[in-house]
Amino acid sequence: MKAIVLAAGNGVRLRPVTDTRPKPLIPVLCKPVLGWHLDWLSRLNIDEVVLIVNYMKEMIMDYVSRFHKGLRVKYVVQDPPAGTGDAVIKALDHLPYGEDVLIVYSDIFIKDMSVYRELVSIKEPVILGAVVDRPEHYGVLELENGGLKSIVEKPSQPPSPIANAGVYKLNTKDIDEHKNVGVSVRGEVEFTDIVNGIAREKQVSVYTLPKGWWIDIGRPWHILEANKMALEDLKGSIKGVVEEPVRMTGEVYVGEDSIIHSFSSLEGPVYIDSKVEVGPNARVRPFSVICNGSKIGFSVEVKESVLFENVKASHLAYIGDSVVCENVNLGAGTITANLRFDEKPVKMMVKDRLEDTGRVKLGAVIGGHVKTGVNVSIMPGVKIGSYSWILPGSVVHRDVPSKTVYPR
Amino acid sequence: MKAIVLAAGNGVRLRPVTDTRPKPLIPVLCKPVLGWHLDWLSRLNIDEVVLIVNYMKEMIMDYVSRFHKGLRVKYVVQDPPAGTGDAVIKALDHLPYGEDVLIVYSDIFIKDMSVYRELVSIKEPVILGAVVDRPEHYGVLELENGGLKSIVEKPSQPPSPIANAGVYKLNTKDIDEHKNVGVSVRGEVEFTDIVNGIAREKQVSVYTLPKGWWIDIGRPWHILEANKMALEDLKGSIKGVVEEPVRMTGEVYVGEDSIIHSFSSLEGPVYIDSKVEVGPNARVRPFSVICNGSKIGFSVEVKESVLFENVKASHLAYIGDSVVCENVNLGAGTITANLRFDEKPVKMMVKDRLEDTGRVKLGAVIGGHVKTGVNVSIMPGVKIGSYSWILPGSVVHRDVPSKTVYPR
Amino acid sequence: MKAIVLAAGNGVRLRPVTDTRPKPLIPVLCKPVLGWHLDWLSRLNIDEVVLIVNYMKEMIMDYVSRFHKGLRVKYVVQDPPAGTGDAVIKALDHLPYGEDVLIVYSDIFIKDMSVYRELVSIKEPVILGAVVDRPEHYGVLELENGGLKSIVEKPSQPPSPIANAGVYKLNTKDIDEHKNVGVSVRGEVEFTDIVNGIAREKQVSVYTLPKGWWIDIGRPWHILEANKMALEDLKGSIKGVVEEPVRMTGEVYVGEDSIIHSFSSLEGPVYIDSKVEVGPNARVRPFSVICNGSKIGFSVEVKESVLFENVKASHLAYIGDSVVCENVNLGAGTITANLRFDEKPVKMMVKDRLEDTGRVKLGAVIGGHVKTGVNVSIMPGVKIGSYSWILPGSVVHRDVPSKTVYPR
């Protein structure tokens with residue numbers, strides 16, 4: 001079987017994370033979410049992947065060529081981005097007519113990717129669903145006779161608690177026969193319209209994941225949640241050096257060439273990648289991920305945060321419930337506040353709209369290559385654009401655009 | 001014998017501590033000062049206590065009903081507050097005529113409460129005195145023939161170094177016969193005027209405590225001093241969990257269900273109540289008291305301070321020579337400055353008047369339910385009113401009223 | 001043999017360090033650089049030292065009388081300061097005519113002072129040279145036939161990479177015969193002009209030190225470099241108390257009556273003088289020197305810095321690549337930034353001119369008796385004048401004069 005992986009989106013709602021990397025390269029346990037999919041597909045007898053790319057495609061191609069050498073990949077550039085349906089239609093040219101194909105949105109993360117194997121083993125067309133808390137925020141599966149009736153986009157009255165999880169196994173002939181769906185209100189060709197066309201004519205099975213097994217990484221704080229989901233199943237393992245004394249509890253992973261200096265605490269589940277330095281006198285609390293080349297120094301605490309590659313927080317800092325992108329340098333005394341005085345859920349600007357994140361504890365989202373001066377305070381829900389500099393002693397109350405000196 | 005305990009005052013000079021609790025419920029080693037008196041009285045063959053209440057009387061009554069179940073208590077509400085003499089007169093109705101009664105001001109703390117037993121064993125009327133450093137700030141005992149001649153209020157030329165310690169054993173008949181003393185210049189009926197009347201007619205013994213054995217908790221910093229007095233006699237005992245390694249020196253008390261995480265230092269005398277979390281990497285220095293449910297987190301230092309219930313200082317904070325009331329949340333990087341640049345004694349506003357506290361080292365007084373943002377600096381001698389919020393990065397130079405956002 | 005030691009300069013370019021001490025009393029491993037010279041001279045059969053003094057001469061005389069009792073010293077006051085040549089000429093009156101004399105500038109530091117012994121063993125007149133990186137900043141030795149042709153001041157085209165190291169062995173007769181050199185463009189009698197006169201007439205040998213063996217302490221950051229040079233040869237030794245557990249790596253010296261509290265890291269080479277208190281939970285990183293009576297407290301990190309006597313940094317501070325003079329008190333949360341956002345070399349004002357220090361990492365120079373409030377941030381390359389106070393929460397962006405409250 002072949003697979004189509006959709007990886008073309010520009011991830012506007014994930015800014016500033018997507019300032020410096022495409023959405024499929026967002027890391028979960030320090031591996032791009034795309035890598036999780038490709039790893040799994042390569043274990044599944046998939047003989048070719050058609051990868052739909054556009055935004056920062058060179059980065060994706062470079063990643064795949066370096067880390068997924070064994071996989072046969074055909075790239076299709078979707079430019080301009082004209083919808084998921086358009087993407088799949090473009091891929092059809094590269095696929096045999098009348099065969100089954102696995103279609104995967106690369107920005108989703110699934111707790112246990114073995115569900116792929118289940119999907120593929122089903123004979124009929126099948127769509128993956130996931131039970132979610134607030135279905136009204138998703139495409140929702142309306143069911144009929146145990147199969148799919150239709151996918152309804154963000155319905156105010158959801159017909160089920162099952163979201164469209166963005167994974168399908170369909171026949172290319174069926175897709176081809178229903179590809180003329182026109183453009184949606186947002187001016188794109190939607191793949192869900194094609195699926196709805198198929199479902200009107202034949203039985204489309206639904207394979208449903210339980211709550212907490214699936215996430216669409218569509219907002220910056222979803223990066224915390226996807227990593228948390230992966231951490232819940234972490235098996236601890238120490239490959240680097242841990243000095244004495246260090247306090248470790250729970251499942252702790254420390255990668256090769258990493259060093260944990262004395263008087264530090266690692267409170268699992270915690271994933272520390274390779275070439276990371278922690279301590280002395282540091283604290284890494286549960287649900288934290290610290291990627292390759294990062295340094296968490298003296299009297300620095302990290303709590304439920306994801307730090308990309310080469311993040312440096314060398315002294316007297318607190319990073320809580322935050323996403324910190326690659327090559328960020330946090331000056332001594334930099335503190336992310338992660339709780340409002342009124343203890344209401346933190347809000348975040350997402351593409352010109354202030355969204356309720358649903359999280360009472362949420363820190364900052366700090367884009368790649370940002371530098372903060374000493375004694376900087378960053379308020380809950382603030383985003384700092386890539387390559388920006390935050391002057392020492394300042395309090396960041398509002399989002400900072402990229403390549404900006406704040407305050408100025 | 002019966003006792004009268006005066007517990008009606010509204011403690012204006014103890015604001016903001018008395019914003020959220022009456023003066024008698026101010027904690028010494030996490031037990032209300034009133035509780036210390038009642039505990040002792042209950043061990044002394046006192047068969048009934050007449051408790052004079054008014055300000056926040058429900059809180060007092062609730063406390064007594066929960067923690068002093070074995071004691072027979074009769075409440076007398078003194079409303080409006082019309083002086084200590086008025087309070088005692090009101091209590092007389094509930095006491096047998098012609099019998100001895102023990103009269104206690106509930107806002108005093110005595111190093112060793114066994115002096116009560118001594119007082120009671122004396123046949124004649126007796127007043128408790130205490131040698132103090134600056135008698136001119138107190139009611140002062142003038143002596144004659146080894147007994148009391150009179151109590152002189154705040155005399156510029158003190159006739160002795162002995163302050164009126166606020167504990168008496170007198171006969172209700174004597175009190176009744178001298179109760180018509182009129183009102184003082186501050187418009188109140190003073191119990192000392194009644195005592196002076198008795199002393200003019202008969203021998204009133206004086207039982208004198210040595211210096212450092214007694215304190216009148218009349219100012220916020222006296223809370224530090226009363227607790228320090230109690231800590232001097234602390235016997236260490238570990239009932240909670242102490243992880244390895246933790247450095248402990250001196251007398252350290254750790255209550256039940258408390259946990260001290262690794263790489264922390266407890267430098268006795270230190271009293272840590274039950275359900276307290278300390279560390280990792282925290283430091284608690286001598287003469288500190290941390291009450292029930294509080295959390296002193298990572299890289300937080302507490303020095304010679306009293307923290308009431310449920311105080312949270314989770315990261316990178318310094319609390320020195322400070323009183324922190326219940327349910328306060330101190331943001332990461334909150335620092336109480338406790339020394340002036342000029343190293344002069346710290347001053348504090350007490351009821352519209354700037355008072356010299358006599359302390360070169362003194363931090364802040366933080367009222368109940370206050371929240372401070374991250375990287376907040378609080379200057380020596382500053383008081384923050386209950387329920388106020390201090391914005392991140394701010395420096396608090398002056399007192400903050402209650403229910404205020406600072407700065408605004 | 002006798003020696004002349006030049007110790008009269010007022011060290012304007014070393015302000016604010018020289019606000020409170022003359023240049024010769026700048027400490028290297030907590031001993032004045034003058035002391036290093038005198039110690040060596042006293043081991044070299046030097047029977048008398050003529051010490052040229054002027055600026056803060058009482059401090060120098062007091063130091064010598066207390067710490068170099070065994071040495072015969074004759075003081076010559078050079079007032080007004082009229083150049084190195086004038087200083088040596090003044091000293092001639094006190095020296096036997098026709099004998100060799102060792103002449104030493106007291107503001108230089110040499111890695112291994114045994115080179116003195118080599119110099120003295122050479123029969124002819126001899127000058128010490130030192131290979132340096134940027135000879136154009138120094139007096140440079142022009143060589144001819146293996147000897148000195150002349151010393152050229154700060155040549156744009158250096159004739160060699162060898163700087164004049166400020167140590168000579170010459171005959172008083174030669175000096176006397178060439179003393180009439182007039183004044184230089186800067187209005188002083190230059191000793192180098194006298195040496196050039198001698199070199200024109202007779203062979204003056206050159207003894208050359210390899211790169212990294214010599215430094216002229218002419219700028220504040222040279223204090224870091226001189227101490228670093230000395231630390232490179234440090235032999236560790238623990239004379240004080242080191243609690244358990246403490247992490248020590250490399251060569252660590254801890255002097256008498258010093259105490260290192262638990263959960264601290266000493267990462268050698270580190271020199272901790274006597275009566276110093278470190279920790280608990282402190283970190284002292286390589287190339288740090290902490291002098292007598294200082295205190296590095298809880299959660300304080302010191303990195304590649306020199307702390308003079310009685311410096312107190314008691315809590316939550318970071319001192320990096322900085323010079324901190326005597327009796328400085330750094331409030332909790334004081335942080336010296338030591339890296340520019342643009343990672344260019346840090347600049348420093350030196351006597352009205354902004355100089356490139358050549359150091360990418362450089363913190364602050366803090367004069368004697370300075371006090372900083374809590375949560376103070378000090379920018380790279382900033383100098384704070386002696387006796388100044390820095391208000392809490394402030395960011396010090398520019399040099400602060402002495403005896404100043406900043407900001408005002």
# chains A, B, ... in the order shown; residues from 1 in each chain; ligands from 1
$ residues_around --residues "region 85-91 of chain A" --least-positions-apart "5" --cutoff "8 Å" --atoms "only C-alpha atoms" --output "PyMOL selection string"
chain A and resi 4+6+50+52+76+78+175-176+179+188-194
$ residues_around --residues "Arg408 (chain B)" --least-positions-apart "6" --cutoff "12 Å" --atoms "only C-alpha atoms" --output "list of chain:residue names"
B:Ser388, B:Trp389, B:Ile390, B:Leu391, B:Ser394, B:Val396, B:Val400
$ write_last_selection --atoms "all heavy atoms" --output "PDB file, in the first residue's frame"
ATOM      1  N   SER B 388      -4.699  42.095  48.122  1.00  0.00           N
ATOM      2  CA  SER B 388      -4.136  42.942  47.063  1.00  0.00           C
ATOM      3  C   SER B 388      -3.281  42.128  46.110  1.00  0.00           C
ATOM      4  O   SER B 388      -2.809  41.048  46.437  1.00  0.00           O
ATOM      5  CB  SER B 388      -3.329  44.087  47.687  1.00  0.00           C
ATOM      6  OG  SER B 388      -4.212  45.043  48.212  1.00  0.00           O
ATOM      7  N   TRP B 389      -3.122  42.671  44.906  1.00  0.00           N
ATOM      8  CA  TRP B 389      -2.288  42.050  43.879  1.00  0.00           C
ATOM      9  C   TRP B 389      -1.140  42.989  43.538  1.00  0.00           C
ATOM     10  O   TRP B 389      -1.348  44.174  43.282  1.00  0.00           O
ATOM     11  CB  TRP B 389      -3.097  41.802  42.597  1.00  0.00           C
ATOM     12  CG  TRP B 389      -4.182  40.785  42.724  1.00  0.00           C
ATOM     13  CD1 TRP B 389      -4.391  39.923  43.756  1.00  0.00           C
ATOM     14  CD2 TRP B 389      -5.223  40.518  41.762  1.00  0.00           C
ATOM     15  NE1 TRP B 389      -5.488  39.127  43.499  1.00  0.00           N
ATOM     16  CE2 TRP B 389      -6.019  39.468  42.288  1.00  0.00           C
ATOM     17  CE3 TRP B 389      -5.544  41.054  40.510  1.00  0.00           C
ATOM     18  CZ2 TRP B 389      -7.123  38.965  41.597  1.00  0.00           C
ATOM     19  CZ3 TRP B 389      -6.640  40.547  39.825  1.00  0.00           C
ATOM     20  CH2 TRP B 389      -7.422  39.501  40.369  1.00  0.00           C
ATOM     21  N   ILE B 390       0.044  42.451  43.494  1.00  0.00           N
ATOM     22  CA  ILE B 390       1.224  43.254  43.147  1.00  0.00           C
ATOM     23  C   ILE B 390       1.674  42.847  41.751  1.00  0.00           C
ATOM     24  O   ILE B 390       2.016  41.678  41.523  1.00  0.00           O
ATOM     25  CB  ILE B 390       2.367  43.016  44.153  1.00  0.00           C
ATOM     26  CG1 ILE B 390       1.863  43.178  45.596  1.00  0.00           C
ATOM     27  CG2 ILE B 390       3.538  43.932  43.855  1.00  0.00           C
ATOM     28  CD1 ILE B 390       1.332  44.539  45.930  1.00  0.00           C
ATOM     29  N   LEU B 391       1.693  43.788  40.837  1.00  0.00           N
ATOM     30  CA  LEU B 391       1.988  43.454  39.438  1.00  0.00           C
ATOM     31  C   LEU B 391       3.441  43.007  39.268  1.00  0.00           C
ATOM     32  O   LEU B 391       4.337  43.460  39.985  1.00  0.00           O
ATOM     33  CB  LEU B 391       1.678  44.648  38.538  1.00  0.00           C
ATOM     34  CG  LEU B 391       0.195  45.036  38.498  1.00  0.00           C
ATOM     35  CD1 LEU B 391      -0.025  46.236  37.574  1.00  0.00           C
ATOM     36  CD2 LEU B 391      -0.662  43.870  38.037  1.00  0.00           C
ATOM     37  N   SER B 394       7.279  44.794  39.685  1.00  0.00           N
ATOM     38  CA  SER B 394       7.193  46.078  40.372  1.00  0.00           C
ATOM     39  C   SER B 394       7.981  46.094  41.677  1.00  0.00           C
ATOM     40  O   SER B 394       8.315  45.060  42.248  1.00  0.00           O
ATOM     41  CB  SER B 394       5.738  46.478  40.615  1.00  0.00           C
ATOM     42  OG  SER B 394       5.051  45.460  41.283  1.00  0.00           O
ATOM     43  N   VAL B 396       7.780  47.612  45.422  1.00  0.00           N
ATOM     44  CA  VAL B 396       6.786  48.160  46.350  1.00  0.00           C
ATOM     45  C   VAL B 396       7.510  49.014  47.379  1.00  0.00           C
ATOM     46  O   VAL B 396       8.162  48.499  48.282  1.00  0.00           O
ATOM     47  CB  VAL B 396       5.970  47.040  47.025  1.00  0.00           C
ATOM     48  CG1 VAL B 396       4.810  47.645  47.808  1.00  0.00           C
ATOM     49  CG2 VAL B 396       5.469  46.043  45.993  1.00  0.00           C
ATOM     50  N   VAL B 400       0.614  49.287  50.704  1.00  0.00           N
ATOM     51  CA  VAL B 400      -0.440  49.046  49.722  1.00  0.00           C
ATOM     52  C   VAL B 400      -1.723  48.769  50.507  1.00  0.00           C
ATOM     53  O   VAL B 400      -1.730  47.914  51.392  1.00  0.00           O
ATOM     54  CB  VAL B 400      -0.086  47.831  48.844  1.00  0.00           C
ATOM     55  CG1 VAL B 400      -1.224  47.491  47.892  1.00  0.00           C
ATOM     56  CG2 VAL B 400       1.213  48.085  48.082  1.00  0.00           C
TER      57      VAL B 400
END
$ interface_residues --of "chain A" --to "chain C" --cutoff "9 Å" --atoms "only C-alpha atoms" --output "list in words"
Glu244, Pro245, Ser262, Phe263, Pro280, Asn281, Phe298, Ser299, His315, Leu316, Gly331, Ala332, Gly333, Lys371, Thr372, Gly373, Val374, Asn375, Trp389, Pro392 and Gly393 of chain A
$ write_last_selection --atoms "N, CA and C atoms" --output "short mmCIF file (atom, residue, chain, number, x, y, z; two decimals), in the first residue's frame"
data_model
loop_
_atom_site.label_atom_id
_atom_site.label_comp_id
_atom_site.auth_asym_id
_atom_site.auth_seq_id
_atom_site.Cartn_x
_atom_site.Cartn_y
_atom_site.Cartn_z
N GLU A 244 26.48 12.35 41.22
CA GLU A 244 25.94 12.10 42.56
C GLU A 244 26.04 13.37 43.39
N PRO A 245 25.07 13.70 44.24
CA PRO A 245 23.75 13.11 44.28
C PRO A 245 22.78 13.85 43.36
N SER A 262 25.23 17.51 39.90
CA SER A 262 24.80 17.26 41.28
C SER A 262 23.70 18.22 41.75
N PHE A 263 23.01 17.73 42.79
CA PHE A 263 22.03 18.54 43.51
C PHE A 263 20.86 18.97 42.62
N PRO A 280 24.42 22.31 37.83
CA PRO A 280 24.00 21.78 39.12
C PRO A 280 22.82 22.56 39.71
N ASN A 281 22.16 21.93 40.69
CA ASN A 281 21.07 22.58 41.42
C ASN A 281 19.93 23.01 40.50
N PHE A 298 22.25 26.41 36.58
CA PHE A 298 22.21 26.55 38.03
C PHE A 298 20.93 27.24 38.50
N SER A 299 20.24 26.56 39.42
CA SER A 299 19.02 27.14 40.02
C SER A 299 17.99 27.48 38.96
N HIS A 315 21.01 30.27 34.38
CA HIS A 315 21.02 30.58 35.81
C HIS A 315 19.69 31.18 36.25
N LEU A 316 19.20 30.72 37.41
CA LEU A 316 18.16 31.42 38.15
C LEU A 316 16.92 31.74 37.33
N GLY A 331 18.12 34.91 29.59
CA GLY A 331 19.05 35.51 30.54
C GLY A 331 18.77 35.08 31.96
N ALA A 332 19.77 35.20 32.82
CA ALA A 332 19.61 34.88 34.24
C ALA A 332 18.43 35.66 34.80
N GLY A 333 17.63 34.98 35.61
CA GLY A 333 16.50 35.67 36.23
C GLY A 333 15.28 35.80 35.33
N LYS A 371 16.34 36.07 22.33
CA LYS A 371 17.21 36.26 23.49
C LYS A 371 16.51 37.15 24.49
N THR A 372 16.52 36.72 25.75
CA THR A 372 15.98 37.59 26.79
C THR A 372 17.13 38.08 27.66
N GLY A 373 17.02 39.33 28.07
CA GLY A 373 18.01 39.89 28.99
C GLY A 373 17.82 39.33 30.39
N VAL A 374 18.60 39.85 31.33
CA VAL A 374 18.48 39.36 32.70
C VAL A 374 17.23 39.94 33.36
N ASN A 375 16.72 39.19 34.35
CA ASN A 375 15.56 39.64 35.14
C ASN A 375 14.35 40.01 34.28
N TRP A 389 14.57 40.30 20.65
CA TRP A 389 15.37 40.50 21.86
C TRP A 389 14.50 41.20 22.90
N PRO A 392 16.67 43.71 29.24
CA PRO A 392 16.77 43.28 30.64
C PRO A 392 15.80 44.05 31.53
N GLY A 393 15.28 43.35 32.52
CA GLY A 393 14.42 43.98 33.50
C GLY A 393 13.01 44.25 33.01
#
$ residues_around --residues "Pro125 (chain B)" --least-positions-apart "2" --cutoff "8 Å" --atoms "only C-alpha atoms" --output "PDB file with all heavy atoms, in the first residue's frame"
ATOM      1  N   ILE B 122      -0.113  32.647  94.669  1.00  0.00           N
ATOM      2  CA  ILE B 122       0.068  33.773  95.597  1.00  0.00           C
ATOM      3  C   ILE B 122      -1.286  34.126  96.212  1.00  0.00           C
ATOM      4  O   ILE B 122      -2.303  34.190  95.522  1.00  0.00           O
ATOM      5  CB  ILE B 122       0.683  34.984  94.843  1.00  0.00           C
ATOM      6  CG1 ILE B 122       2.117  34.626  94.384  1.00  0.00           C
ATOM      7  CG2 ILE B 122       0.676  36.237  95.715  1.00  0.00           C
ATOM      8  CD1 ILE B 122       2.729  35.606  93.415  1.00  0.00           C
ATOM      9  N   LYS B 123      -1.279  34.342  97.519  1.00  0.00           N
ATOM     10  CA  LYS B 123      -2.550  34.567  98.227  1.00  0.00           C
ATOM     11  C   LYS B 123      -3.155  35.936  97.911  1.00  0.00           C
ATOM     12  O   LYS B 123      -4.322  36.080  97.603  1.00  0.00           O
ATOM     13  CB  LYS B 123      -2.338  34.454  99.756  1.00  0.00           C
ATOM     14  CG  LYS B 123      -2.167  33.018 100.232  1.00  0.00           C
ATOM     15  CD  LYS B 123      -3.511  32.335 100.453  1.00  0.00           C
ATOM     16  CE  LYS B 123      -3.387  30.868 100.803  1.00  0.00           C
ATOM     17  NZ  LYS B 123      -2.951  30.011  99.682  1.00  0.00           N
ATOM     18  N   ILE B 127      -0.180  41.259  90.401  1.00  0.00           N
ATOM     19  CA  ILE B 127      -0.092  41.716  89.018  1.00  0.00           C
ATOM     20  C   ILE B 127       1.226  41.187  88.442  1.00  0.00           C
ATOM     21  O   ILE B 127       2.240  41.135  89.145  1.00  0.00           O
ATOM     22  CB  ILE B 127      -0.171  43.264  88.945  1.00  0.00           C
ATOM     23  CG1 ILE B 127      -0.004  43.744  87.494  1.00  0.00           C
ATOM     24  CG2 ILE B 127       0.884  43.928  89.833  1.00  0.00           C
ATOM     25  CD1 ILE B 127      -0.278  45.241  87.335  1.00  0.00           C
ATOM     26  N   TYR B 168      -3.396  39.491  85.754  1.00  0.00           N
ATOM     27  CA  TYR B 168      -3.673  39.844  87.138  1.00  0.00           C
ATOM     28  C   TYR B 168      -4.406  38.705  87.815  1.00  0.00           C
ATOM     29  O   TYR B 168      -5.175  37.991  87.174  1.00  0.00           O
ATOM     30  CB  TYR B 168      -4.623  41.053  87.206  1.00  0.00           C
ATOM     31  CG  TYR B 168      -4.291  42.200  86.296  1.00  0.00           C
ATOM     32  CD1 TYR B 168      -4.659  42.174  84.958  1.00  0.00           C
ATOM     33  CD2 TYR B 168      -3.636  43.331  86.792  1.00  0.00           C
ATOM     34  CE1 TYR B 168      -4.384  43.245  84.121  1.00  0.00           C
ATOM     35  CE2 TYR B 168      -3.356  44.412  85.956  1.00  0.00           C
ATOM     36  CZ  TYR B 168      -3.731  44.365  84.628  1.00  0.00           C
ATOM     37  OH  TYR B 168      -3.453  45.425  83.809  1.00  0.00           O
ATOM     38  N   LYS B 169      -4.216  38.566  89.095  1.00  0.00           N
ATOM     39  CA  LYS B 169      -5.110  37.742  89.899  1.00  0.00           C
ATOM     40  C   LYS B 169      -5.698  38.669  90.956  1.00  0.00           C
ATOM     41  O   LYS B 169      -4.948  39.230  91.781  1.00  0.00           O
ATOM     42  CB  LYS B 169      -4.364  36.584  90.550  1.00  0.00           C
ATOM     43  CG  LYS B 169      -5.296  35.477  91.033  1.00  0.00           C
ATOM     44  CD  LYS B 169      -4.764  34.809  92.274  1.00  0.00           C
ATOM     45  CE  LYS B 169      -4.707  35.824  93.406  1.00  0.00           C
ATOM     46  NZ  LYS B 169      -4.214  35.305  94.673  1.00  0.00           N
ATOM     47  N   LEU B 170      -7.007  38.875  90.882  1.00  0.00           N
ATOM     48  CA  LEU B 170      -7.649  39.835  91.781  1.00  0.00           C
ATOM     49  C   LEU B 170      -8.952  39.226  92.315  1.00  0.00           C
ATOM     50  O   LEU B 170      -9.438  38.224  91.784  1.00  0.00           O
ATOM     51  CB  LEU B 170      -7.978  41.129  91.021  1.00  0.00           C
ATOM     52  CG  LEU B 170      -6.774  41.898  90.463  1.00  0.00           C
ATOM     53  CD1 LEU B 170      -7.235  43.010  89.525  1.00  0.00           C
ATOM     54  CD2 LEU B 170      -5.932  42.490  91.604  1.00  0.00           C
ATOM     55  N   ASN B 171      -9.504  39.888  93.339  1.00  0.00           N
ATOM     56  CA  ASN B 171     -10.782  39.438  93.880  1.00  0.00           C
ATOM     57  C   ASN B 171     -11.891  40.250  93.223  1.00  0.00           C
ATOM     58  O   ASN B 171     -11.777  41.465  93.070  1.00  0.00           O
ATOM     59  CB  ASN B 171     -10.781  39.628  95.406  1.00  0.00           C
ATOM     60  CG  ASN B 171     -11.962  38.930  96.027  1.00  0.00           C
ATOM     61  OD1 ASN B 171     -13.106  39.344  95.846  1.00  0.00           O
ATOM     62  ND2 ASN B 171     -11.668  37.838  96.763  1.00  0.00           N
ATOM     63  N   GLN B 203      -2.461  45.814  99.730  1.00  0.00           N
ATOM     64  CA  GLN B 203      -1.226  45.307  99.139  1.00  0.00           C
ATOM     65  C   GLN B 203      -1.525  44.540  97.850  1.00  0.00           C
ATOM     66  O   GLN B 203      -2.299  43.576  97.863  1.00  0.00           O
ATOM     67  CB  GLN B 203      -0.520  44.384 100.162  1.00  0.00           C
ATOM     68  CG  GLN B 203       0.719  43.695  99.656  1.00  0.00           C
ATOM     69  CD  GLN B 203       1.957  44.623  99.637  1.00  0.00           C
ATOM     70  OE1 GLN B 203       1.892  45.791 100.056  1.00  0.00           O
ATOM     71  NE2 GLN B 203       3.069  44.110  99.139  1.00  0.00           N
ATOM     72  N   VAL B 204      -0.936  44.964  96.740  1.00  0.00           N
ATOM     73  CA  VAL B 204      -0.999  44.198  95.487  1.00  0.00           C
ATOM     74  C   VAL B 204       0.431  43.738  95.173  1.00  0.00           C
ATOM     75  O   VAL B 204       1.326  44.567  94.967  1.00  0.00           O
ATOM     76  CB  VAL B 204      -1.562  45.053  94.330  1.00  0.00           C
ATOM     77  CG1 VAL B 204      -1.495  44.279  93.008  1.00  0.00           C
ATOM     78  CG2 VAL B 204      -2.995  45.487  94.616  1.00  0.00           C
ATOM     79  N   SER B 205       0.607  42.428  95.174  1.00  0.00           N
ATOM     80  CA  SER B 205       1.955  41.898  94.909  1.00  0.00           C
ATOM     81  C   SER B 205       2.324  42.081  93.444  1.00  0.00           C
ATOM     82  O   SER B 205       1.467  42.212  92.571  1.00  0.00           O
ATOM     83  CB  SER B 205       2.008  40.398  95.215  1.00  0.00           C
ATOM     84  OG  SER B 205       1.914  40.194  96.592  1.00  0.00           O
TER      85      SER B 205
END
$ closest_atom_pairs --of "region 241-310 of chain B" --to "region 346-368 of chain B" --cutoff "12 Å" --atoms "only C-alpha atoms" --output "CSV"
residue,atom,partner,partner_atom,distance
B:Val302,CA,B:Gly363,CA,11.2
B:Lys303,CA,B:Gly363,CA,10.0
B:Glu304,CA,B:Leu362,CA,9.4
B:Ser305,CA,B:Gly363,CA,8.7
B:Val306,CA,B:Val365,CA,9.7
B:Leu307,CA,B:Ile366,CA,9.6
B:Phe308,CA,B:Gly368,CA,8.7
B:Glu309,CA,B:Gly368,CA,9.4
B:Asn310,CA,B:Gly368,CA,9.8
$ write_last_selection --atoms "C-alpha atoms" --output "short mmCIF file (atom, residue, chain, number, x, y, z; two decimals), in the first residue's frame"
data_model
loop_
_atom_site.label_atom_id
_atom_site.label_comp_id
_atom_site.auth_asym_id
_atom_site.auth_seq_id
_atom_site.Cartn_x
_atom_site.Cartn_y
_atom_site.Cartn_z
CA VAL B 302 13.13 31.88 54.35
CA LYS B 303 14.94 33.67 57.14
CA GLU B 304 13.53 34.69 60.54
CA SER B 305 10.02 34.96 59.17
CA VAL B 306 6.57 33.78 60.13
CA LEU B 307 4.42 32.31 57.37
CA PHE B 308 0.81 31.67 58.24
CA GLU B 309 -1.30 28.90 56.67
CA ASN B 310 -1.21 28.05 52.95
#
$ select_by_dssp --residues "region 171-344 of chain A" --states "alpha helix (DSSP H)" --output "list of chain:residue names"
A:Thr172, A:Lys173, A:Asp174, A:Ile175, A:Asp176, A:Glu177, A:Phe191, A:Thr192, A:Asp193, A:Ile194, A:Val195, A:Asn196, A:Gly197, A:Ile198, A:Ala199, A:Arg200, A:Glu201, A:Pro220, A:Trp221, A:His222, A:Ile223, A:Leu224, A:Glu225, A:Ala226, A:Asn227, A:Lys228, A:Met229, A:Ala230, A:Leu231
$ residues_around --residues "Gln157 (chain A)" --least-positions-apart "5" --cutoff "10 Å" --atoms "only C-alpha atoms" --output "PyMOL selection string"
chain A and resi 135-136+140+152
$ select_by_dssp --residues "region 158-387 of chain C" --states "strand (DSSP E or B)" --output "ChimeraX atom specification"
/C:162-171,205-209,214-216,237-238,241-242,246-249,252-254,259-260,264-267,270-272,277-278,283-284,288-290,295-298,301-303,306-307,312-315,318-320,323-324,329-330,335-336,339,347-350,353-356,361,365-366,371-372,377-378,383-384
